[in-house]
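Shown here: start-v7.cif, mmCIF, C-alpha atoms and all ligand atoms.
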data_data
#
loop_
_atom_site.label_atom_id
_atom_site.label_comp_id
_atom_site.auth_asym_id
_atom_site.auth_seq_id
_atom_site.Cartn_x
_atom_site.Cartn_y
_atom_site.Cartn_z
CA MET A 19 0.00 0.00 0.00
CA GLU A 20 1.26 3.51 -0.80
CA GLU A 21 2.44 5.39 2.25
CA VAL A 22 -0.09 8.18 1.71
CA ILE A 23 -3.01 5.72 1.75
CA ASP A 24 -1.69 3.97 4.83
CA LEU A 25 -1.37 7.38 6.49
CA LEU A 26 -4.92 8.35 5.52
CA CYS A 27 -6.20 5.12 7.09
CA LYS A 28 -4.32 5.89 10.29
CA LEU A 29 -5.75 9.42 10.37
CA ILE A 30 -9.31 8.10 9.91
CA SER A 31 -8.82 5.61 12.74
CA ILE A 32 -8.01 8.43 15.19
CA PRO A 33 -11.35 10.05 16.08
CA SER A 34 -11.07 13.85 15.94
CA VAL A 35 -14.55 15.29 16.27
CA SER A 36 -14.36 19.07 16.62
CA GLY A 37 -13.06 20.00 20.07
CA GLU A 38 -11.41 16.57 20.60
CA GLU A 39 -8.28 16.89 18.51
CA GLN A 40 -5.53 16.22 21.07
CA LYS A 41 -4.83 12.63 19.94
CA ILE A 42 -4.68 13.39 16.25
CA ALA A 43 -2.52 16.46 16.92
CA GLU A 44 -0.05 14.26 18.78
CA PHE A 45 -0.07 11.67 16.02
CA VAL A 46 0.57 14.26 13.32
CA SER A 47 3.26 15.91 15.40
CA ASN A 48 5.01 12.56 15.93
CA TYR A 49 4.91 11.93 12.19
CA PHE A 50 6.73 15.19 11.48
CA LYS A 51 9.21 14.47 14.25
CA GLY A 52 9.89 10.86 13.27
CA GLU A 53 9.46 10.86 9.50
CA VAL A 54 10.45 14.38 8.48
CA GLY A 55 12.81 15.31 11.30
CA ILE A 56 11.02 18.52 12.30
CA GLU A 57 9.53 19.14 15.70
CA PRO A 58 6.19 20.97 15.26
CA LYS A 59 4.62 23.25 17.80
CA ILE A 60 1.28 22.26 19.26
CA ASP A 61 -0.55 25.29 20.61
CA GLU A 62 -3.28 25.64 23.25
CA MET A 63 -5.96 24.73 20.71
CA TYR A 64 -4.03 21.66 19.51
CA ASN A 65 -3.19 23.30 16.22
CA VAL A 66 -0.06 21.67 14.83
CA ILE A 67 2.30 24.23 13.33
CA VAL A 68 5.29 22.99 11.34
CA GLU A 69 7.99 25.38 10.27
CA TYR A 70 10.74 24.44 7.86
CA ASP A 71 13.23 27.15 7.05
CA THR A 72 15.54 26.29 4.16
CA GLY A 73 17.93 29.03 5.26
CA LYS A 74 17.81 30.44 1.74
CA THR A 75 15.99 33.61 0.77
CA GLY A 76 12.67 32.88 -0.86
CA PRO A 77 8.94 32.98 -0.42
CA ASN A 78 6.99 31.73 2.52
CA LEU A 79 4.44 29.05 1.60
CA LEU A 80 1.71 27.87 3.94
CA LEU A 81 -0.19 24.60 3.65
CA THR A 82 -3.24 24.46 5.85
CA ALA A 83 -6.18 22.11 6.46
CA HIS A 84 -8.36 21.14 9.40
CA LEU A 85 -7.81 18.05 11.54
CA ASP A 86 -11.31 17.88 13.01
CA THR A 87 -14.40 16.21 11.64
CA VAL A 88 -18.12 16.59 12.19
CA GLN A 89 -19.90 14.00 14.38
CA ALA A 90 -20.38 10.74 12.47
CA GLY A 91 -24.17 11.02 12.63
CA SER A 92 -26.49 8.17 11.73
CA GLY A 93 -26.87 6.13 8.56
CA TRP A 94 -23.36 4.65 8.34
CA THR A 95 -23.10 1.08 7.09
CA TYR A 96 -19.32 1.10 7.70
CA ASP A 97 -17.53 1.91 10.94
CA PRO A 98 -16.72 5.64 10.58
CA TYR A 99 -13.46 5.15 12.53
CA LYS A 100 -12.35 1.93 10.87
CA PRO A 101 -11.17 2.71 7.35
CA THR A 102 -12.74 0.23 4.96
CA MET A 103 -11.23 -0.23 1.51
CA ILE A 104 -13.45 -1.54 -1.24
CA ASP A 105 -11.91 -1.44 -4.69
CA ASP A 106 -10.67 2.12 -5.14
CA ARG A 107 -12.76 3.53 -2.29
CA ILE A 108 -11.75 4.26 1.28
CA TYR A 109 -14.70 4.74 3.60
CA GLY A 110 -14.33 6.55 6.90
CA LEU A 111 -15.16 9.78 8.70
CA GLY A 112 -12.96 12.57 7.37
CA ALA A 113 -11.91 10.61 4.24
CA SER A 114 -13.15 13.49 2.15
CA ASP A 115 -13.28 16.35 4.66
CA SER A 116 -10.39 16.77 5.14
CA LYS A 117 -8.08 13.90 6.17
CA GLY A 118 -7.95 12.89 2.51
CA THR A 119 -6.03 16.14 1.95
CA ILE A 120 -4.04 16.15 5.18
CA ALA A 121 -2.42 12.79 4.38
CA PRO A 122 -1.03 13.93 1.00
CA MET A 123 0.00 17.28 2.51
CA MET A 124 2.04 15.38 5.12
CA THR A 125 3.68 12.92 2.74
CA SER A 126 4.46 15.62 0.16
CA CYS A 127 6.22 17.65 2.89
CA LYS A 128 8.22 14.55 3.75
CA ASN A 129 9.07 13.86 0.10
CA CYS A 130 10.20 17.43 -0.50
CA ILE A 131 12.14 17.93 2.72
CA LYS A 132 13.79 14.52 2.83
CA GLU A 133 14.51 14.07 -0.84
CA ALA A 134 14.67 17.50 -2.42
CA ALA A 135 15.56 19.88 0.41
CA LYS A 136 18.58 21.24 -1.47
CA LYS A 137 16.35 22.50 -4.26
CA LEU A 138 14.06 24.44 -1.92
CA LYS A 139 14.25 28.13 -1.01
CA GLY A 140 12.36 30.20 1.51
CA LYS A 141 10.12 28.77 4.18
CA LEU A 142 7.52 26.04 4.28
CA LEU A 143 4.82 26.31 6.91
CA VAL A 144 2.15 23.75 7.65
CA ALA A 145 -0.78 24.60 9.92
CA LEU A 146 -3.09 21.69 10.67
CA THR A 147 -5.87 23.32 12.58
CA THR A 148 -8.76 22.46 14.86
CA GLN A 149 -12.43 23.27 15.49
CA GLU A 150 -13.20 24.21 11.91
CA GLU A 151 -16.42 22.22 11.89
CA ASN A 152 -17.71 23.59 15.13
CA PRO A 153 -16.15 26.89 16.09
CA VAL A 154 -17.06 28.23 19.49
CA GLY A 155 -18.08 31.81 18.76
CA GLU A 156 -15.11 33.61 17.28
CA ILE A 157 -12.73 30.83 18.23
CA ASP A 158 -11.48 28.18 15.88
CA GLY A 159 -7.97 26.88 15.34
CA LEU A 160 -7.19 28.79 12.17
CA ARG A 161 -8.29 32.18 13.46
CA TYR A 162 -6.42 31.49 16.69
CA ALA A 163 -3.21 30.69 14.79
CA LEU A 164 -3.64 33.80 12.63
CA ARG A 165 -4.12 35.95 15.70
CA LYS A 166 -0.95 34.44 17.14
CA GLY A 167 0.94 35.68 14.08
CA LEU A 168 0.72 32.99 11.41
CA LYS A 169 1.86 34.78 8.21
CA SER A 170 2.59 33.74 4.69
CA ASP A 171 2.98 35.00 1.12
CA LEU A 172 0.63 32.34 -0.18
CA ALA A 173 -1.62 29.73 1.42
CA LEU A 174 -2.68 26.47 -0.16
CA PHE A 175 -5.85 25.62 1.68
CA GLY A 176 -6.83 21.95 1.83
CA ASN A 177 -10.56 22.28 1.26
CA GLY A 178 -11.77 21.98 -2.28
CA TYR A 179 -13.38 19.50 -4.60
CA ILE A 180 -11.96 16.86 -6.88
CA GLU A 181 -13.48 15.09 -9.89
CA ASN A 182 -11.97 12.49 -12.22
CA TYR A 183 -8.90 12.40 -9.93
CA MET A 184 -8.24 16.05 -10.83
CA PRO A 185 -8.41 18.57 -8.00
CA TYR A 186 -10.09 21.84 -8.85
CA LEU A 187 -8.10 25.00 -8.47
CA THR A 188 -10.59 26.91 -6.36
CA ILE A 189 -10.00 30.64 -6.23
CA GLY A 190 -13.04 31.90 -4.37
CA HIS A 191 -16.12 31.27 -2.32
CA ASN A 192 -19.30 33.09 -1.39
CA GLY A 193 -19.80 34.75 1.97
CA PHE A 194 -22.40 33.99 4.60
CA ILE A 195 -24.69 36.27 6.58
CA ARG A 196 -27.11 34.72 9.06
CA TYR A 197 -30.26 36.60 9.96
CA GLN A 198 -32.82 36.09 12.67
CA ILE A 199 -35.97 38.17 12.81
CA ARG A 200 -38.33 37.96 15.75
CA VAL A 201 -41.78 39.28 14.89
CA ILE A 202 -43.74 40.42 17.91
CA GLY A 203 -47.54 40.28 17.96
CA LYS A 204 -50.25 40.58 20.56
CA GLY A 205 -52.14 37.62 22.04
CA ALA A 206 -55.90 37.11 21.87
CA HIS A 207 -58.47 34.30 21.81
CA SER A 208 -58.79 32.91 18.28
CA SER A 209 -62.52 33.68 18.35
CA THR A 210 -61.67 37.40 18.57
CA PRO A 211 -58.51 37.73 16.46
CA GLU A 212 -59.25 41.43 15.88
CA LEU A 213 -58.22 42.03 19.50
CA GLY A 214 -54.71 40.72 18.87
CA ILE A 215 -51.89 41.12 16.37
CA ASN A 216 -51.07 37.87 14.64
CA ALA A 217 -47.27 37.50 14.66
CA ILE A 218 -47.33 34.68 12.06
CA GLU A 219 -49.41 36.76 9.65
CA LYS A 220 -47.09 39.73 10.22
CA ALA A 221 -44.15 37.45 9.44
CA PHE A 222 -45.48 37.11 5.88
CA GLY A 223 -44.85 40.83 5.42
CA VAL A 224 -41.35 40.42 6.81
CA ILE A 225 -40.54 37.58 4.39
CA LYS A 226 -41.98 39.61 1.52
CA ALA A 227 -39.77 42.55 2.48
CA MET A 228 -36.70 40.30 2.69
CA LYS A 229 -37.51 38.81 -0.70
CA SER A 230 -37.96 42.27 -2.23
CA VAL A 231 -34.23 42.98 -1.98
CA LYS A 232 -32.69 42.35 -5.36
CA LEU A 233 -30.11 39.57 -5.56
CA PRO A 234 -27.13 40.63 -7.67
CA LYS A 235 -25.21 38.49 -10.13
CA GLN A 236 -21.51 38.37 -10.86
CA MET A 237 -19.53 36.84 -13.69
CA ILE A 238 -16.80 34.61 -12.27
CA LEU A 239 -14.61 32.31 -14.39
CA GLY A 240 -16.92 32.82 -17.33
CA GLY A 241 -20.09 31.81 -15.47
CA GLU A 242 -22.82 33.83 -13.84
CA ILE A 243 -23.07 33.44 -10.07
CA LYS A 244 -26.14 34.76 -8.27
CA ALA A 245 -26.36 35.79 -4.63
CA THR A 246 -28.96 33.80 -2.69
CA MET A 247 -31.31 34.38 0.23
CA ASN A 248 -33.00 31.51 1.99
CA VAL A 249 -35.66 31.32 4.70
CA GLY A 250 -34.55 28.26 6.59
CA VAL A 251 -36.61 28.21 9.78
CA ILE A 252 -39.94 29.67 10.78
CA ARG A 253 -41.14 29.17 14.31
CA GLY A 254 -44.27 30.64 15.82
CA GLY A 255 -47.47 30.05 17.72
CA THR A 256 -48.21 27.68 20.56
CA GLN A 257 -51.77 26.45 19.96
CA PRO A 258 -54.38 26.49 17.19
CA ASN A 259 -56.95 28.51 19.10
CA ALA A 260 -54.80 31.47 20.08
CA VAL A 261 -53.46 34.46 18.17
CA PRO A 262 -49.69 33.90 18.16
CA THR A 263 -47.63 36.51 19.98
CA GLU A 264 -44.31 35.64 18.37
CA CYS A 265 -42.87 34.32 15.15
CA THR A 266 -39.17 33.90 14.43
CA ILE A 267 -37.66 33.63 10.98
CA ILE A 268 -34.08 32.41 10.54
CA GLY A 269 -32.12 32.07 7.35
CA ASP A 270 -29.07 33.10 5.45
CA ARG A 271 -27.92 35.36 2.68
CA ARG A 272 -24.93 34.20 0.64
CA THR A 273 -22.85 37.08 -0.61
CA LEU A 274 -20.86 37.39 -3.82
CA PRO A 275 -17.21 38.45 -3.92
CA MET A 276 -18.30 41.82 -5.33
CA GLU A 277 -20.56 42.52 -2.35
CA LYS A 278 -19.65 44.12 0.96
CA ALA A 279 -21.44 42.41 3.83
CA ASP A 280 -22.25 45.65 5.73
CA LYS A 281 -23.89 47.14 2.66
CA VAL A 282 -25.92 43.99 2.06
CA ILE A 283 -27.11 44.02 5.66
CA ALA A 284 -28.03 47.71 5.40
CA ARG A 285 -30.20 46.95 2.36
CA TYR A 286 -32.18 44.35 4.29
CA GLU A 287 -32.55 46.60 7.29
CA LYS A 288 -33.91 49.32 5.03
CA ALA A 289 -36.41 46.94 3.42
CA LEU A 290 -37.67 45.93 6.86
CA GLU A 291 -38.02 49.57 7.93
CA LYS A 292 -40.00 50.26 4.79
CA ALA A 293 -42.33 47.36 5.59
CA LYS A 294 -42.82 48.83 9.04
CA GLU A 295 -43.67 52.25 7.60
CA GLY A 296 -46.39 50.57 5.55
CA ASP A 297 -47.73 48.63 8.51
CA PRO A 298 -47.70 50.44 11.85
CA GLU A 299 -48.70 47.21 13.63
CA LEU A 300 -45.51 45.45 12.53
CA LYS A 301 -43.03 45.05 15.36
CA TYR A 302 -39.81 43.10 15.03
CA GLU A 303 -36.27 42.65 16.28
CA ALA A 304 -33.78 41.80 13.53
CA LYS A 305 -30.26 40.48 13.94
CA PHE A 306 -27.84 40.12 11.02
CA GLU A 307 -24.47 38.46 11.54
CA LYS A 308 -21.66 38.26 9.02
CA LEU A 309 -20.15 34.83 9.69
CA HIS A 310 -17.98 34.63 6.60
CA ASP A 311 -16.85 37.15 4.04
CA SER A 312 -16.81 36.18 0.42
CA TYR A 313 -13.39 35.64 -1.12
CA LEU A 314 -11.92 35.77 -4.59
CA ILE A 315 -8.34 35.89 -5.79
CA PRO A 316 -8.29 37.19 -9.37
CA GLU A 317 -7.97 34.51 -12.03
CA ASP A 318 -5.09 36.37 -13.67
CA ASP A 319 -3.19 36.85 -10.39
CA GLU A 320 0.43 35.89 -10.87
CA LYS A 321 0.31 33.33 -8.04
CA VAL A 322 -2.81 31.70 -9.43
CA GLN A 323 -1.18 31.46 -12.84
CA LYS A 324 1.95 29.93 -11.35
CA VAL A 325 -0.04 27.32 -9.42
CA LYS A 326 -2.04 26.60 -12.56
CA ALA A 327 1.10 26.08 -14.62
CA ILE A 328 2.57 23.68 -12.04
CA MET A 329 -0.69 21.74 -11.88
CA ARG A 330 -0.97 21.61 -15.67
CA LYS A 331 2.49 20.09 -15.91
CA ILE A 332 2.02 17.46 -13.23
CA LEU A 333 -1.57 16.51 -14.15
CA LYS A 334 -0.81 16.62 -17.88
CA ALA A 335 -4.12 18.39 -18.38
CA GLU A 336 -5.60 21.87 -18.11
CA PRO A 337 -6.55 22.44 -14.44
CA ARG A 338 -10.21 23.33 -13.94
CA MET A 339 -10.82 26.43 -11.90
CA ARG A 340 -13.73 26.95 -9.58
CA HIS A 341 -15.57 29.38 -7.36
CA ASP A 342 -17.66 27.70 -4.65
CA LEU A 343 -21.09 28.78 -3.47
CA CYS A 344 -20.49 27.34 -0.01
CA TYR A 345 -17.90 29.01 2.17
CA TYR A 346 -14.50 27.89 3.43
CA ASP A 347 -12.09 29.72 5.69
CA ALA A 348 -10.15 31.46 2.92
CA ASP A 349 -11.72 34.74 4.05
CA TYR A 350 -9.98 34.41 7.44
CA LEU A 351 -6.64 34.01 5.69
CA ALA A 352 -7.47 36.89 3.36
CA ALA A 353 -8.33 39.09 6.34
CA ALA A 354 -4.81 38.38 7.62
CA GLY A 355 -3.40 39.47 4.25
CA ILE A 356 -2.62 35.98 2.94
CA PRO A 357 -3.61 35.23 -0.67
CA THR A 358 -5.21 31.81 -0.70
CA ILE A 359 -5.83 29.07 -3.23
CA MET A 360 -7.90 26.02 -2.36
CA ILE A 361 -6.85 22.54 -3.47
CA GLY A 362 -8.30 19.47 -1.82
CA THR A 363 -9.72 16.00 -2.21
CA SER A 364 -13.36 16.53 -1.25
CA VAL A 365 -15.50 14.14 -3.26
CA ILE A 366 -18.63 16.06 -4.23
CA GLY A 367 -21.63 14.98 -2.16
CA THR A 368 -19.71 13.07 0.51
CA PRO A 369 -18.62 15.56 3.24
CA HIS A 370 -20.86 15.51 6.33
CA GLN A 371 -22.70 12.45 4.93
CA PRO A 372 -22.86 8.86 6.17
CA ASN A 373 -20.41 6.52 4.40
CA GLU A 374 -18.09 9.41 3.57
CA TYR A 375 -15.38 8.14 1.26
CA ASN A 376 -12.49 9.08 -0.92
CA LEU A 377 -10.74 7.39 -3.81
CA VAL A 378 -7.20 6.06 -3.64
CA LYS A 379 -6.46 7.73 -6.97
CA ASN A 380 -7.70 11.11 -5.72
CA VAL A 381 -5.34 11.03 -2.77
CA ILE A 382 -2.39 9.93 -4.88
CA SER A 383 -3.14 12.60 -7.47
CA VAL A 384 -3.27 15.35 -4.84
CA GLU A 385 -0.05 14.07 -3.27
CA LYS A 386 1.64 14.59 -6.65
CA VAL A 387 0.08 18.05 -6.95
CA TYR A 388 1.20 19.16 -3.47
CA THR A 389 4.70 17.76 -3.99
CA ALA A 390 5.00 19.63 -7.29
CA LEU A 391 3.60 22.81 -5.75
CA ILE A 392 6.01 22.83 -2.82
CA GLN A 393 8.94 22.26 -5.17
CA GLY A 394 7.69 24.70 -7.79
CA LEU A 395 6.67 27.52 -5.47
CA LEU A 396 9.75 27.29 -3.26
CA ALA A 397 12.15 26.96 -6.18
ZN ZN B 401 -16.73 20.05 6.73
#
Please go through the file and, once you have read it, give me the structure as structure tokens.
Amino acid sequence: MEEVIDLLCKLISIPSVSGEEQKIAEFVSNYFKGEVGIEPKIDEMYNVIVEYDTGKTGPNLLLTAHLDTVQAGSGWTYDPYKPTMIDDRIYGLGASDSKGTIAPMMTSCKNCIKEAAKKLKGKLLVALTTQEENPVGEIDGLRYALRKGLKSDLALFGNGYIENYMPYLTIGHNGFIRYQIRVIGKGAHSSTPELGINAIEKAFGVIKAMKSVKLPKQMILGGEIKATMNVGVIRGGTQPNAVPTECTIIGDRRTLPMEKADKVIARYEKALEKAKEGDPELKYEAKFEKLHDSYLIPEDDEKVQKVKAIMRKILKAEPRMRHDLCYYDADYLAAAGIPTIMIGTSVIGTPHQPNEYNLVKNVISVEKVYTALIQGLLA
């Protein structure tokens, strides 16, 4: 079995649900110590930070991915912590998100440092982080490491999709604003509804106002991407024979790279105020929270073009580029001034699902890509 596949199986067999990453952090750290000859730092959040300085002037390259997984959840027919190989598939929790990328990141570091160190210049950093899947408020491993001073000229971020054994070169993702609107009514007996204010009925007006805000479109990589707004939860009323006093609407608005979150929020606040002007009985409390900014590194950016050229050479095919509608953490890196490109082994449709899997060929392909990128970018 290839070392990278054996390593992926070992990573899967160490449970690392968000917030319980100590064991996997120690395993990864021991790998770098024993196999690569570098002693990583493990910080208070069990982030593993590896620093390899070639001693020669050159760029600073960061590889980063998250060590934690979601809870296994129900519906698994395989043991989520016992990697099961069937033909080309490896089943196990994290196989796709994102241990399937961490394993090739680790072995490619080993290959480059042990076998080609003389050819490298600059500095190689690896940050394997924690609590990505379940951050506690503002705290997750990556933001913690960035606050502690993690810096780089370019980050290769290990989340991203793969198809036909060819990782996408993902250059952007949409942002994420969560909203929660509590509509306040007035109670009454259902036989005399005119004495109350029906919070559920008033919520219709709120949804209409939210939907009235135009959703912009943006051309990215030759395709049109549209911003989205979804009503995900509506909760209100306690019994059929009473006028409900409260109704809460929760949902999200996904922002495009061209949008500024504060301006988007202001537009929704204005639409709600307008609805209130038209209906003096409407009372609400609205909360909008920007949880992720959108992110986009220009397609013609020199670093993107360099990564693309290296990938083209090693994959012997034109790399496919991508902008994702869901968010990653590239915006956190961008906020710290680090240009970021996403390359991973996520099999579309498998992350956060029972029987999560990856393909042996995907992992081997991404190992080649990361090895070529380390050598090419630190040349
Ligand atoms: Zn995930």
**OP:** Using only C-alpha atoms and all ligand atoms, find each residue with an atom at most 12 Å away from ligand ZN 401 (chain B) and format the answer as a ChimeraX atom specification.
**Re:** /A:35-36,83-90,111-117,148-153,176-179,344-347,364-371,374
Subject >> Contact residues around Glu62 (chain A) with all atoms listed in the file at 12 Å, ignoring same-chain residues under 3 positions, as number ranges by chain >> reply: A: 37, 39-40, 43, 59, 65-67, 147-148, 157-159, 162-163, 166
Subject >> Neighbour residues at most 12 Å from (-34.9, 49.7, 7.5) (all atoms listed in the file) as a PyMOL selection string >> reply: chain A and resi 224+227-228+231+282-296+302-304
Original post:
Contacts of Gly73 (chain A) at 10 Å or less, counting only C-alpha atoms, minus same-chain residues fewer than 2 places along, as a PyMOL selection string?
Top reply: chain A and resi 70-71+75-76+138-141
Subject >> Neighbours of point (-38.5, 35.7, 14.4) within 10 Å, using all atoms listed in the file, written as an NGL selection string >> reply: :A and (197-202 or 217-218 or 221 or 224 or 251-254 or 264-268 or 302-305)
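Note that the spacing between CA of Met339 (chain A) and CA of Tyr388 (chain A) amounts to 16.4 Å.
Between Leu26 (chain A) and the candidates A:Gly110, A:Gly250, A:Pro234, A:Gly255, the tightest atom-to-atom separation, counting only C-alpha atoms, involves A:Gly110.
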Residues near Leu233 (chain A), cut-off 10 Å, all atoms listed in the file, skip fewer than 6 positions along chain, as a compact mmCIF listing (two decimals) with C-alpha atoms, keeping the file's coordinate frame:
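What ended up in around20.txt:
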# COMPACT_ATOMS: atom_id res chain seq x y z
CA LYS A 244 -26.14 34.76 -8.27
CA ALA A 245 -26.36 35.79 -4.63
CA THR A 246 -28.96 33.80 -2.69
CA MET A 247 -31.31 34.38 0.23
CA ARG A 271 -27.92 35.36 2.68
CA ARG A 272 -24.93 34.20 0.64
CA THR A 273 -22.85 37.08 -0.61
CA LEU A 274 -20.86 37.39 -3.82
CA VAL A 282 -25.92 43.99 2.06
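Among A:Phe222, A:Tyr183, A:Tyr96, A:Phe194, the residue with the shortest atom-to-atom distance to Asn248 (chain A), counting all atoms listed in the file, is A:Phe194.
Coordinates place CA of Leu174 (chain A) at a distance of 4.9 Å from CA of Leu81 (chain A).
Among A:Asp61, A:Glu20, A:Glu307, A:Glu317, the residue with the shortest atom-to-atom distance to Ile189 (chain A), counting all atoms listed in the file, is A:Glu317.
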